[in-house]
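Just below is one structure, and these are the notes that go with it.
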Amino acid sequence: MDFTLSEEQRALQDTVRVFARRELEADAIRRAHSEEYPREVAKKMAGAGLLGITIPEADGGQGGTLMDAVLAIEQVALVCPRSADLVQEGNFGAIRVLARFATHDQKKRFLAPLLSGDEIIAVAMTEPDAGSATTDLVTTATADGAGFRVSGTKVFPNPHADQYLVYVRYGPGVNGIGSVMIRRGAPGFAIGKNSKFMSGAHWAPLYFDNVYVPPEDVLLGQGGFKKQIAGFNAERIGNAARSLAFGRYCYNAARDYALTRKQFGRPLCEFHGLQWKFADMKIKLDAAQLLLYRAAANADRGFPAADETTIAKLMCNQVGFDVANEALQVMGGLGYTQDTLVEYCVRRTRGWMIAGGSIEMMKNRLAEIIFERRFSQRPPRAKVMGDG
């Protein structure tokens with residue numbers, strides 16, 4: 001058992017850190033509060049090989065590991081938290097689904113422009129009445145010749161995306177769910193009014209009114225849901241990595257502040273109460289990082305373990321928020337302003353306790369693993385007359 005990074009991994013950290021400081025540090029605060037999606041950063045990252053780290057070289061990626069992507073997210077987040085989102089999006093989520101399940105033609109049309117930084121993808125999964133209960137989705141894909149007509153509504157996706165991976169229902173039950181690719185501007189596809197999350201990120205409802213999807217744009221047909229959802233174990237590693245990295249960014253900012261800020265003629269770091277705060281934050285960060293690295297490293301050796309990725313997401317989500325929030329408290333009024341990125345990180349880390357599987361759902365999932373049985377969240381089915 002080795003708790004140290006390899007020489008190659010340390011070299012990757014150094015390379016990404018140099019890139020981030022050179023290309024991203026100067027505009028980090030402006031970028032975090034900008035209304036525009038940082039497309040220029042995506043192009044820079046593509047040039048630096050930070051998009052598609054986990055994608056096979058045959059598909060245009062770097063052929064690296066999940067651990068490599070985690071290390072890249074960490075190093076970018078420590079310099080420019082907003083830009084870490086692009087590393088995550090370029091290595092986890094929809095882009096990995098495309099790399100794994102898309103046809104050669106689909107990879108050329110949908111995956112290639114993502115890896116070059118020319119386009120953005122978003123997942124359209126959640127619906128007004130289907131959040132954690134994803135299998136309750138009602139957006140339909142009705143056969144029309146060789147293709148399908150898609151109708152329904154999705155909520156919370158990125159409204160700036162060029163292409164959407166849309167979860168649809170071909171038929172009843174879990175096995176009736178699959179996915180299609182729909183581009184922005186397709187006839188019958190409308191994007192509603194922009195709204196904002198607490199984090200400042202934009203979202204808008206998506207409306208599909210009899211949108212025609214040709215057969216070549218069907219990603220997964222009936223029975224595809226279980227294939228897609230199985231990939232969530234890996235995606236939770238990306239979510240966890242950002243949460244923890246944002247917390248560490250705030251820890252570093254608060255530490256620098258405590259070393260230089262004086263009150264009552266003494267640096268803040270000399271006050272006993274703050275010393276204990278930093279000790280607690282350090283313990284939490286290190287413990288969460290070990291759980292994250294375990295999940296990522298073991299996933300690279302085989303299929304991601306559900307218990308390890310669940311624990312990592314739970315721990316990193318909670319620690320990322322707790323440390324960011326505590327760091328804000330240490331920095332007082334300055335931490336609460338938008339002159340630093342600490343308040344931004346507090347808002348962002350709070351969202352990841354919901355996104356990608358809420359911490360409550362993660363605990364439910366972990367309980368099922370512990371007891372080796374399924375605990376349905378649905379109410380008991382009413383007995384029918386004549387049932388035994």
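In the structure tokens, the first chain shown is A, the next is B, and so on; residue numbers restart at 1 for each chain, and ligands run from 1 in the order shown.
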
Set the distance at 9 Å and use only C-alpha atoms: which residues neighbour range 140-146 of chain A once local chain neighbours fewer than 4 positions away are removed? I'd like the list as a ChimeraX atom specification.
/A:150-152,168-171,180,210,212-215

Residues from the last selection, C-alpha atoms, saved as an mmCIF file, in the first residue's frame:
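Listed below is the output, again19.cif:
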```cif
data_model
loop_
_atom_site.group_PDB
_atom_site.id
_atom_site.type_symbol
_atom_site.label_atom_id
_atom_site.label_comp_id
_atom_site.auth_asym_id
_atom_site.auth_seq_id
_atom_site.Cartn_x
_atom_site.Cartn_y
_atom_site.Cartn_z
ATOM 1 C CA VAL A 150 -39.241 13.515 -28.689
ATOM 2 C CA SER A 151 -41.691 15.453 -26.502
ATOM 3 C CA GLY A 152 -41.313 16.597 -22.905
ATOM 4 C CA VAL A 168 -36.012 9.685 -22.981
ATOM 5 C CA ARG A 169 -38.663 7.050 -22.520
ATOM 6 C CA TYR A 170 -39.196 4.677 -25.443
ATOM 7 C CA GLY A 171 -41.550 2.451 -23.492
ATOM 8 C CA VAL A 180 -30.688 10.589 -27.739
ATOM 9 C CA ASN A 210 -42.288 16.668 -31.323
ATOM 10 C CA TYR A 212 -37.430 14.654 -34.750
ATOM 11 C CA VAL A 213 -34.363 12.589 -33.865
ATOM 12 C CA PRO A 214 -32.927 10.645 -36.826
ATOM 13 C CA PRO A 215 -31.730 7.084 -36.146
#
```

Each range 39-151 of chain A residue no farther than 9 Å from range 216-220 of chain A, nearest pair in Å, only C-alpha atoms, as a tab-separated table:
```
residue	atom	partner	partner_atom	distance
A:Leu98	CA	A:Leu219	CA	7.9
A:Phe101	CA	A:Leu219	CA	6.9
A:Ala102	CA	A:Leu219	CA	6.0
A:Thr103	CA	A:Leu219	CA	8.0
A:Asp105	CA	A:Glu216	CA	8.1
A:Gln106	CA	A:Asp217	CA	7.2
A:Gly147	CA	A:Val218	CA	8.1
A:Phe148	CA	A:Val218	CA	8.6
```

For a test of reading the model, state the distance in Å between CA of Asp209 in chain A and CA of Gly188 in chain A, rounded to one decimal.
4.9 Å

Enumerate as an NGL selection string all residues of range 109-213 of chain A assigned to helix (DSSP H, G or I) by DSSP on the backbone, naming them with the chain letters and numbers the document uses.
:A and (109-115 or 134-136 or 174-176)

Calculate how many Å separate CA of Glu360 in chain A from CA of Leu314 in chain A, rounding to one decimal.
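Interatomic distance, CA of Glu360 in chain A to CA of Leu314 in chain A: 8.9 Å.
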
So that I can see what lies close to Arg242 in chain A, please list as a PyMOL selection string the residues with an atom at most 9 Å from it, counting only C-alpha atoms and leaving out residues fewer than 4 positions away in the same chain.
chain A and resi 70+73-74+77+81+84-85+88+237-238+246-247+316-317+320+349+352

Take the selection from the previous step and output its residues with C-alpha atoms, as a PDB file, in the first residue's frame.
```
ATOM      1  CA  VAL A  70      -8.770  14.196 -10.354  1.00  0.00           C
ATOM      2  CA  ILE A  73      -9.162  19.240 -11.310  1.00  0.00           C
ATOM      3  CA  GLU A  74      -7.378  19.839  -8.003  1.00  0.00           C
ATOM      4  CA  ALA A  77      -9.241  24.629  -8.741  1.00  0.00           C
ATOM      5  CA  PRO A  81     -12.105  27.473  -9.180  1.00  0.00           C
ATOM      6  CA  ALA A  84     -12.067  23.513 -12.711  1.00  0.00           C
ATOM      7  CA  ASP A  85     -15.631  23.019 -13.943  1.00  0.00           C
ATOM      8  CA  GLN A  88     -14.633  18.098 -14.844  1.00  0.00           C
ATOM      9  CA  ILE A 237     -15.523  10.936  -8.456  1.00  0.00           C
ATOM     10  CA  GLY A 238     -15.513  14.107 -10.552  1.00  0.00           C
ATOM     11  CA  PHE A 246     -12.920  24.133  -3.672  1.00  0.00           C
ATOM     12  CA  GLY A 247     -12.734  23.500   0.058  1.00  0.00           C
ATOM     13  CA  CYS A 316     -15.981  15.260  -0.079  1.00  0.00           C
ATOM     14  CA  ASN A 317     -19.329  17.015  -0.483  1.00  0.00           C
ATOM     15  CA  GLY A 320     -15.789  20.749   0.893  1.00  0.00           C
ATOM     16  CA  THR A 349     -19.883  23.480  -2.704  1.00  0.00           C
ATOM     17  CA  TRP A 352     -22.785  19.640  -4.986  1.00  0.00           C
TER      18      TRP A 352
END
```

Mind the document's chain letters and residue numbers, and return as a PyMOL selection string the residues of range 125-345 of chain A that DSSP labels strand (DSSP E or B).
chain A and resi 127+130+140-144+147-154+163-169+177-183+189-191+195-196+202-203+206-213+218-220+262-263+266-267

Could you please take those selected residues and save C-alpha atoms as a PDB file, in the first residue's frame?
```pdb
ATOM      1  CA  GLU A 127     -37.715  16.739 -15.103  1.00  0.00           C
ATOM      2  CA  ALA A 130     -38.444  13.327 -11.843  1.00  0.00           C
ATOM      3  CA  THR A 140     -41.196  10.378 -24.641  1.00  0.00           C
ATOM      4  CA  ALA A 141     -39.455   9.139 -27.761  1.00  0.00           C
ATOM      5  CA  THR A 142     -42.154   7.889 -30.149  1.00  0.00           C
ATOM      6  CA  ALA A 143     -41.150   5.932 -33.225  1.00  0.00           C
ATOM      7  CA  ASP A 144     -41.450   7.820 -36.508  1.00  0.00           C
ATOM      8  CA  GLY A 147     -36.233   7.756 -36.119  1.00  0.00           C
ATOM      9  CA  PHE A 148     -38.160   9.144 -33.146  1.00  0.00           C
ATOM     10  CA  ARG A 149     -40.224  12.156 -32.107  1.00  0.00           C
ATOM     11  CA  VAL A 150     -39.241  13.515 -28.689  1.00  0.00           C
ATOM     12  CA  SER A 151     -41.691  15.453 -26.502  1.00  0.00           C
ATOM     13  CA  GLY A 152     -41.313  16.597 -22.905  1.00  0.00           C
ATOM     14  CA  THR A 153     -39.622  19.038 -20.545  1.00  0.00           C
ATOM     15  CA  LYS A 154     -36.264  18.995 -18.751  1.00  0.00           C
ATOM     16  CA  GLN A 163     -25.584  19.708 -27.724  1.00  0.00           C
ATOM     17  CA  TYR A 164     -27.681  17.841 -25.185  1.00  0.00           C
ATOM     18  CA  LEU A 165     -27.645  14.209 -24.117  1.00  0.00           C
ATOM     19  CA  VAL A 166     -31.355  13.726 -23.459  1.00  0.00           C
ATOM     20  CA  TYR A 167     -32.793  10.906 -21.361  1.00  0.00           C
ATOM     21  CA  VAL A 168     -36.012   9.685 -22.981  1.00  0.00           C
ATOM     22  CA  ARG A 169     -38.663   7.050 -22.520  1.00  0.00           C
ATOM     23  CA  ILE A 177     -35.466   4.371 -20.914  1.00  0.00           C
ATOM     24  CA  GLY A 178     -32.566   5.359 -23.149  1.00  0.00           C
ATOM     25  CA  SER A 179     -31.016   8.498 -24.598  1.00  0.00           C
ATOM     26  CA  VAL A 180     -30.688  10.589 -27.739  1.00  0.00           C
ATOM     27  CA  MET A 181     -28.494  13.466 -28.891  1.00  0.00           C
ATOM     28  CA  ILE A 182     -30.236  16.744 -29.755  1.00  0.00           C
ATOM     29  CA  ARG A 183     -28.498  19.891 -30.925  1.00  0.00           C
ATOM     30  CA  PHE A 189     -36.562  22.373 -29.422  1.00  0.00           C
ATOM     31  CA  ALA A 190     -36.879  25.532 -27.305  1.00  0.00           C
ATOM     32  CA  ILE A 191     -34.877  26.827 -24.347  1.00  0.00           C
ATOM     33  CA  SER A 195     -32.685  31.320 -14.154  1.00  0.00           C
ATOM     34  CA  LYS A 196     -29.828  31.172 -11.658  1.00  0.00           C
ATOM     35  CA  HIS A 202     -27.373  29.580 -15.145  1.00  0.00           C
ATOM     36  CA  TRP A 203     -30.015  27.019 -15.951  1.00  0.00           C
ATOM     37  CA  LEU A 206     -35.754  22.725 -22.109  1.00  0.00           C
ATOM     38  CA  TYR A 207     -38.908  22.104 -24.120  1.00  0.00           C
ATOM     39  CA  PHE A 208     -39.161  19.360 -26.716  1.00  0.00           C
ATOM     40  CA  ASP A 209     -42.231  19.615 -28.945  1.00  0.00           C
ATOM     41  CA  ASN A 210     -42.288  16.668 -31.323  1.00  0.00           C
ATOM     42  CA  VAL A 211     -38.550  17.070 -32.051  1.00  0.00           C
ATOM     43  CA  TYR A 212     -37.430  14.654 -34.750  1.00  0.00           C
ATOM     44  CA  VAL A 213     -34.363  12.589 -33.865  1.00  0.00           C
ATOM     45  CA  VAL A 218     -29.971   7.741 -31.046  1.00  0.00           C
ATOM     46  CA  LEU A 219     -27.281   7.089 -28.454  1.00  0.00           C
ATOM     47  CA  LEU A 220     -28.888   4.267 -26.461  1.00  0.00           C
ATOM     48  CA  LYS A 262      -3.702  41.277  12.731  1.00  0.00           C
ATOM     49  CA  GLN A 263      -6.189  42.000  15.498  1.00  0.00           C
ATOM     50  CA  ARG A 266      -1.347  39.907  16.965  1.00  0.00           C
ATOM     51  CA  PRO A 267      -1.657  37.792  13.784  1.00  0.00           C
TER      52      PRO A 267
END
```

Surrounding residues of Val346 in chain A excluding itself and chain neighbours under 2 positions, 6 Å, only C-alpha atoms, as a list in words
Ala324, Asn325, Glu343, Tyr344, Arg348 and Thr349 of chain A

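Of the listed residues A:Ile53, A:Gln329, A:Ala306, A:Arg10, the one whose atoms come nearest to Arg365 in chain A is A:Ala306, with distances taken using only C-alpha atoms.
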
Can you list, as a PyMOL selection string, every protein, DNA or RNA residue that comes within 9 Å of Ala42 in chain A when you count only C-alpha atoms, leaving out same-chain residues fewer than 5 positions away?
chain A and resi 47+50-51+83+86-87+90+114-120

Keeping only N, CA and C atoms, take the residues you just selected and write them out as a compact mmCIF listing (two decimals), in the first residue's frame.
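As a result, result.txt now contains:
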```
# COMPACT_ATOMS: atom_id res chain seq x y z
N GLY A 47 -5.86 22.74 -25.84
CA GLY A 47 -4.49 22.83 -26.28
C GLY A 47 -3.50 22.26 -25.28
N LEU A 50 -6.02 18.97 -21.39
CA LEU A 50 -6.80 18.78 -20.17
C LEU A 50 -8.24 18.36 -20.44
N LEU A 51 -8.64 18.31 -21.70
CA LEU A 51 -9.96 17.78 -22.06
C LEU A 51 -9.77 16.38 -22.62
N SER A 83 -12.66 27.58 -13.51
CA SER A 83 -12.11 26.81 -14.62
C SER A 83 -12.05 25.31 -14.33
N LEU A 86 -14.57 23.15 -16.12
CA LEU A 86 -14.34 22.71 -17.49
C LEU A 86 -13.50 21.45 -17.55
N VAL A 87 -12.59 21.29 -16.57
CA VAL A 87 -11.83 20.04 -16.50
C VAL A 87 -12.77 18.89 -16.17
N GLY A 90 -14.96 18.11 -19.10
CA GLY A 90 -14.19 17.54 -20.20
C GLY A 90 -13.67 16.15 -19.94
N LEU A 114 -16.17 18.45 -28.73
CA LEU A 114 -16.04 18.65 -27.29
C LEU A 114 -14.57 18.58 -26.88
N LEU A 115 -13.84 17.64 -27.46
CA LEU A 115 -12.43 17.47 -27.12
C LEU A 115 -11.58 18.62 -27.64
N SER A 116 -12.03 19.28 -28.70
CA SER A 116 -11.28 20.41 -29.25
C SER A 116 -11.63 21.72 -28.55
N GLY A 117 -12.63 21.69 -27.67
CA GLY A 117 -13.05 22.89 -26.96
C GLY A 117 -13.96 23.79 -27.78
N ASP A 118 -14.45 23.28 -28.92
CA ASP A 118 -15.31 24.09 -29.78
C ASP A 118 -16.78 24.06 -29.37
N GLU A 119 -17.19 23.00 -28.67
CA GLU A 119 -18.59 22.87 -28.27
C GLU A 119 -18.70 22.47 -26.81
N ILE A 120 -19.91 22.66 -26.27
CA ILE A 120 -20.24 22.33 -24.89
C ILE A 120 -21.40 21.33 -24.90
```

Give me, as a ChimeraX atom specification, all polymer residues having an atom no more than 12 Å from Thr340 in chain A, counting only C-alpha atoms and skipping those fewer than 6 positions away in the same chain.
/A:28-30,32-33,80-81,249-250,253-254,257,327-328,331-334,346

Determine, counting only C-alpha atoms, which protein, DNA and RNA residues have an atom within 6 Å of an atom of range 285-294 of chain A; residues of the same chain fewer than 2 positions away are not included. Present the result as an NGL selection string.
:A and (282-283 or 296-298 or 312 or 315-316)

Output for the residues just chosen: C-alpha atoms as a short mmCIF file (atom, residue, chain, number, x, y, z; two decimals), in the first residue's frame:
```cif
data_model
loop_
_atom_site.label_atom_id
_atom_site.label_comp_id
_atom_site.auth_asym_id
_atom_site.auth_seq_id
_atom_site.Cartn_x
_atom_site.Cartn_y
_atom_site.Cartn_z
CA LYS A 282 -6.74 20.01 7.88
CA ILE A 283 -7.88 16.68 9.34
CA ALA A 296 -10.23 6.94 -8.12
CA ALA A 297 -7.20 4.63 -7.93
CA ASN A 298 -9.27 1.49 -7.46
CA ALA A 312 -16.00 9.54 -1.41
CA MET A 315 -17.31 12.79 2.50
CA CYS A 316 -15.98 15.26 -0.08
#
```
